[in-house]
>>> print(open('target.pdb').read())   # PDB, C-alpha atoms
ATOM      1  CA  MET A 162     102.913  48.265-157.158  1.00  0.00           C
ATOM      2  CA  ALA A 163     106.716  48.407-157.165  1.00  0.00           C
ATOM      3  CA  TYR A 164     109.414  46.156-155.752  1.00  0.00           C
ATOM      4  CA  ASN A 165     112.276  47.617-153.751  1.00  0.00           C
ATOM      5  CA  GLU A 166     115.239  45.267-153.152  1.00  0.00           C
ATOM      6  CA  THR A 167     116.100  47.213-149.986  1.00  0.00           C
ATOM      7  CA  TYR A 168     113.051  45.687-148.302  1.00  0.00           C
ATOM      8  CA  ALA A 169     113.458  42.141-149.681  1.00  0.00           C
ATOM      9  CA  LYS A 170     114.274  40.750-146.236  1.00  0.00           C
ATOM     10  CA  TYR A 171     110.825  41.920-145.091  1.00  0.00           C
ATOM     11  CA  SER A 172     108.852  40.204-147.854  1.00  0.00           C
ATOM     12  CA  PRO A 173     105.865  38.054-146.794  1.00  0.00           C
ATOM     13  CA  GLY A 174     107.679  34.849-147.769  1.00  0.00           C
ATOM     14  CA  VAL A 175     110.750  35.734-145.734  1.00  0.00           C
ATOM     15  CA  LEU A 176     108.700  36.805-142.722  1.00  0.00           C
ATOM     16  CA  LEU A 177     106.596  33.624-142.866  1.00  0.00           C
ATOM     17  CA  GLY A 178     109.744  31.516-143.196  1.00  0.00           C
ATOM     18  CA  TYR A 179     111.324  33.261-140.240  1.00  0.00           C
ATOM     19  CA  GLU A 180     108.212  32.732-138.132  1.00  0.00           C
ATOM     20  CA  ALA A 181     107.999  29.040-139.092  1.00  0.00           C
ATOM     21  CA  ILE A 182     111.639  28.534-138.095  1.00  0.00           C
ATOM     22  CA  ARG A 183     111.247  30.514-134.872  1.00  0.00           C
ATOM     23  CA  TYR A 184     108.112  28.616-133.885  1.00  0.00           C
ATOM     24  CA  SER A 185     109.647  25.231-134.730  1.00  0.00           C
ATOM     25  CA  PHE A 186     112.649  25.794-132.513  1.00  0.00           C
ATOM     26  CA  ALA A 187     110.480  27.289-129.761  1.00  0.00           C
ATOM     27  CA  GLN A 188     108.595  23.964-129.798  1.00  0.00           C
ATOM     28  CA  GLY A 189     111.866  22.102-129.215  1.00  0.00           C
ATOM     29  CA  LEU A 190     112.665  20.912-132.714  1.00  0.00           C
ATOM     30  CA  GLU A 191     116.351  20.493-133.473  1.00  0.00           C
ATOM     31  CA  ALA A 192     116.001  20.831-137.238  1.00  0.00           C
ATOM     32  CA  LEU A 193     113.566  22.033-139.862  1.00  0.00           C
ATOM     33  CA  GLU A 194     113.629  20.486-143.323  1.00  0.00           C
ATOM     34  CA  PHE A 195     112.305  22.392-146.328  1.00  0.00           C
ATOM     35  CA  LEU A 196     112.191  19.181-148.398  1.00  0.00           C
ATOM     36  CA  GLY A 197     111.537  19.185-152.135  1.00  0.00           C
ATOM     37  CA  GLN A 198     114.042  20.074-154.817  1.00  0.00           C
ATOM     38  CA  ASP A 199     117.047  22.327-154.366  1.00  0.00           C
ATOM     39  CA  GLU A 200     115.816  25.865-154.857  1.00  0.00           C
ATOM     40  CA  PRO A 201     117.826  29.103-154.713  1.00  0.00           C
ATOM     41  CA  TRP A 202     115.564  30.602-152.027  1.00  0.00           C
ATOM     42  CA  LYS A 203     116.618  27.871-149.575  1.00  0.00           C
ATOM     43  CA  THR A 204     120.168  29.245-149.429  1.00  0.00           C
ATOM     44  CA  TYR A 205     118.722  32.342-147.746  1.00  0.00           C
ATOM     45  CA  TRP A 206     118.181  30.166-144.675  1.00  0.00           C
ATOM     46  CA  THR A 207     121.019  27.628-144.811  1.00  0.00           C
ATOM     47  CA  ASN A 208     123.997  26.344-146.746  1.00  0.00           C
ATOM     48  CA  ASP A 209     123.349  22.729-145.710  1.00  0.00           C
ATOM     49  CA  ASN A 210     121.850  20.310-148.178  1.00  0.00           C
ATOM     50  CA  HIS A 211     120.443  16.883-147.250  1.00  0.00           C
ATOM     51  CA  GLN A 212     119.509  14.268-149.832  1.00  0.00           C
ATOM     52  CA  TYR A 213     116.372  12.187-149.292  1.00  0.00           C
ATOM     53  CA  LEU A 214     115.264   8.970-150.914  1.00  0.00           C
ATOM     54  CA  THR A 215     111.711   7.707-151.247  1.00  0.00           C
ATOM     55  CA  ILE A 216     111.144   3.968-151.363  1.00  0.00           C
ATOM     56  CA  ARG A 217     107.810   2.575-152.467  1.00  0.00           C
ATOM     57  CA  ILE A 218     106.937  -1.087-151.971  1.00  0.00           C
ATOM     58  CA  TYR A 219     104.087  -2.627-153.942  1.00  0.00           C
ATOM     59  CA  PRO A 220     102.454  -6.024-153.402  1.00  0.00           C
ATOM     60  CA  PHE A 221     102.653  -8.267-156.437  1.00  0.00           C
ATOM     61  CA  THR A 222      99.016  -8.030-157.511  1.00  0.00           C
ATOM     62  CA  LEU A 223      97.708  -6.821-160.832  1.00  0.00           C
ATOM     63  CA  MET A 224      96.174  -3.679-159.324  1.00  0.00           C
ATOM     64  CA  GLU A 225      99.323  -2.752-157.405  1.00  0.00           C
ATOM     65  CA  GLN A 226     101.532  -3.377-160.422  1.00  0.00           C
ATOM     66  CA  MET A 227      99.319  -0.972-162.365  1.00  0.00           C
ATOM     67  CA  SER A 228      99.841   1.561-159.560  1.00  0.00           C
ATOM     68  CA  LEU A 229     103.583   1.005-159.868  1.00  0.00           C
ATOM     69  CA  GLY A 230     103.384   1.737-163.594  1.00  0.00           C
ATOM     70  CA  ILE A 231     101.442   4.940-163.000  1.00  0.00           C
ATOM     71  CA  ASP A 232     103.894   6.072-160.309  1.00  0.00           C
ATOM     72  CA  ALA A 233     106.800   5.320-162.653  1.00  0.00           C
ATOM     73  CA  LEU A 234     105.365   7.821-165.123  1.00  0.00           C
ATOM     74  CA  PHE A 235     105.342  10.627-162.561  1.00  0.00           C
ATOM     75  CA  PHE A 236     108.271   9.910-160.234  1.00  0.00           C
TER      76      PHE A 236
END
>>> encode(input="target.pdb", output="structure tokens")
Amino acid sequence: MAYNETYAKYSPGVLLGYEAIRYSFAQGLEALEFLGQDEPWKTYWTNDNHQYLTIRIYPFTLMEQMSLGIDALFF
């Protein structure tokens, strides 16, 4: 199987992305967020970049503090 750059805009990922965007706006959405890290493929669709922040609140119990420690290792 070969890859031809001429047809890149018709790749399955691009076509699925286009359909997701089309469907979202057809449903009345005003925006569609890709979320996650900045990735080069996202610039195919937009030049805008929005930063997001996740806040986690843990009760002060032994079990929840252990959960906080585990989350700190991964996030």
>>> residues_around(input="target.pdb", residues="region 186-192 of chain A", least_positions_apart="5", cutoff="12 Å", atoms="only C-alpha atoms", output="list of chain:residue names")
A:Tyr179, A:Glu180, A:Ala181, A:Thr207, A:Asp209, A:His211
>>> resolve_selection(input="target.pdb", expression="the PyMOL selection byres ((chain A and resi 206) around 10)", output="mmCIF file with C-alpha atoms, keeping the file's coordinate frame")
data_model
loop_
_atom_site.group_PDB
_atom_site.id
_atom_site.type_symbol
_atom_site.label_atom_id
_atom_site.label_comp_id
_atom_site.auth_asym_id
_atom_site.auth_seq_id
_atom_site.Cartn_x
_atom_site.Cartn_y
_atom_site.Cartn_z
ATOM 1 C CA VAL A 175 110.750 35.734 -145.734
ATOM 2 C CA GLY A 178 109.744 31.516 -143.196
ATOM 3 C CA TYR A 179 111.324 33.261 -140.240
ATOM 4 C CA ILE A 182 111.639 28.534 -138.095
ATOM 5 C CA PHE A 195 112.305 22.392 -146.328
ATOM 6 C CA TRP A 202 115.564 30.602 -152.027
ATOM 7 C CA LYS A 203 116.618 27.871 -149.575
ATOM 8 C CA THR A 204 120.168 29.245 -149.429
ATOM 9 C CA TYR A 205 118.722 32.342 -147.746
ATOM 10 C CA THR A 207 121.019 27.628 -144.811
ATOM 11 C CA ASN A 208 123.997 26.344 -146.746
ATOM 12 C CA ASP A 209 123.349 22.729 -145.710
#
>>> atom_distance(input="target.pdb", atom1="CA of Tyr164 (chain A)", atom2="CA of Gly197 (chain A)")
27.3 Å
>>> resolve_selection(input="target.pdb", expression="the PyMOL selection byres ((chain A and resi 216) around 12)", output="PDB file with C-alpha atoms, keeping the file's coordinate frame")
ATOM      1  CA  TYR A 213     116.372  12.187-149.292  1.00  0.00           C
ATOM      2  CA  LEU A 214     115.264   8.970-150.914  1.00  0.00           C
ATOM      3  CA  THR A 215     111.711   7.707-151.247  1.00  0.00           C
ATOM      4  CA  ARG A 217     107.810   2.575-152.467  1.00  0.00           C
ATOM      5  CA  ILE A 218     106.937  -1.087-151.971  1.00  0.00           C
ATOM      6  CA  TYR A 219     104.087  -2.627-153.942  1.00  0.00           C
ATOM      7  CA  LEU A 229     103.583   1.005-159.868  1.00  0.00           C
ATOM      8  CA  ASP A 232     103.894   6.072-160.309  1.00  0.00           C
ATOM      9  CA  PHE A 236     108.271   9.910-160.234  1.00  0.00           C
TER      10      PHE A 236
END
>>> atom_distance(input="target.pdb", atom1="CA of Leu193 (chain A)", atom2="CA of Lys170 (chain A)")
19.8 Å
>>> atom_distance(input="target.pdb", atom1="CA of Ala233 (chain A)", atom2="CA of Leu196 (chain A)")
20.6 Å
>>> axis_aligned_box(input="target.pdb", around="region 203-217 of chain A", padding_each_side="3 Å", output="JSON")
{"center_x": 115.9, "center_y": 17.5, "center_z": -148.6, "size_x": 22.2, "size_y": 35.8, "size_z": 13.8}
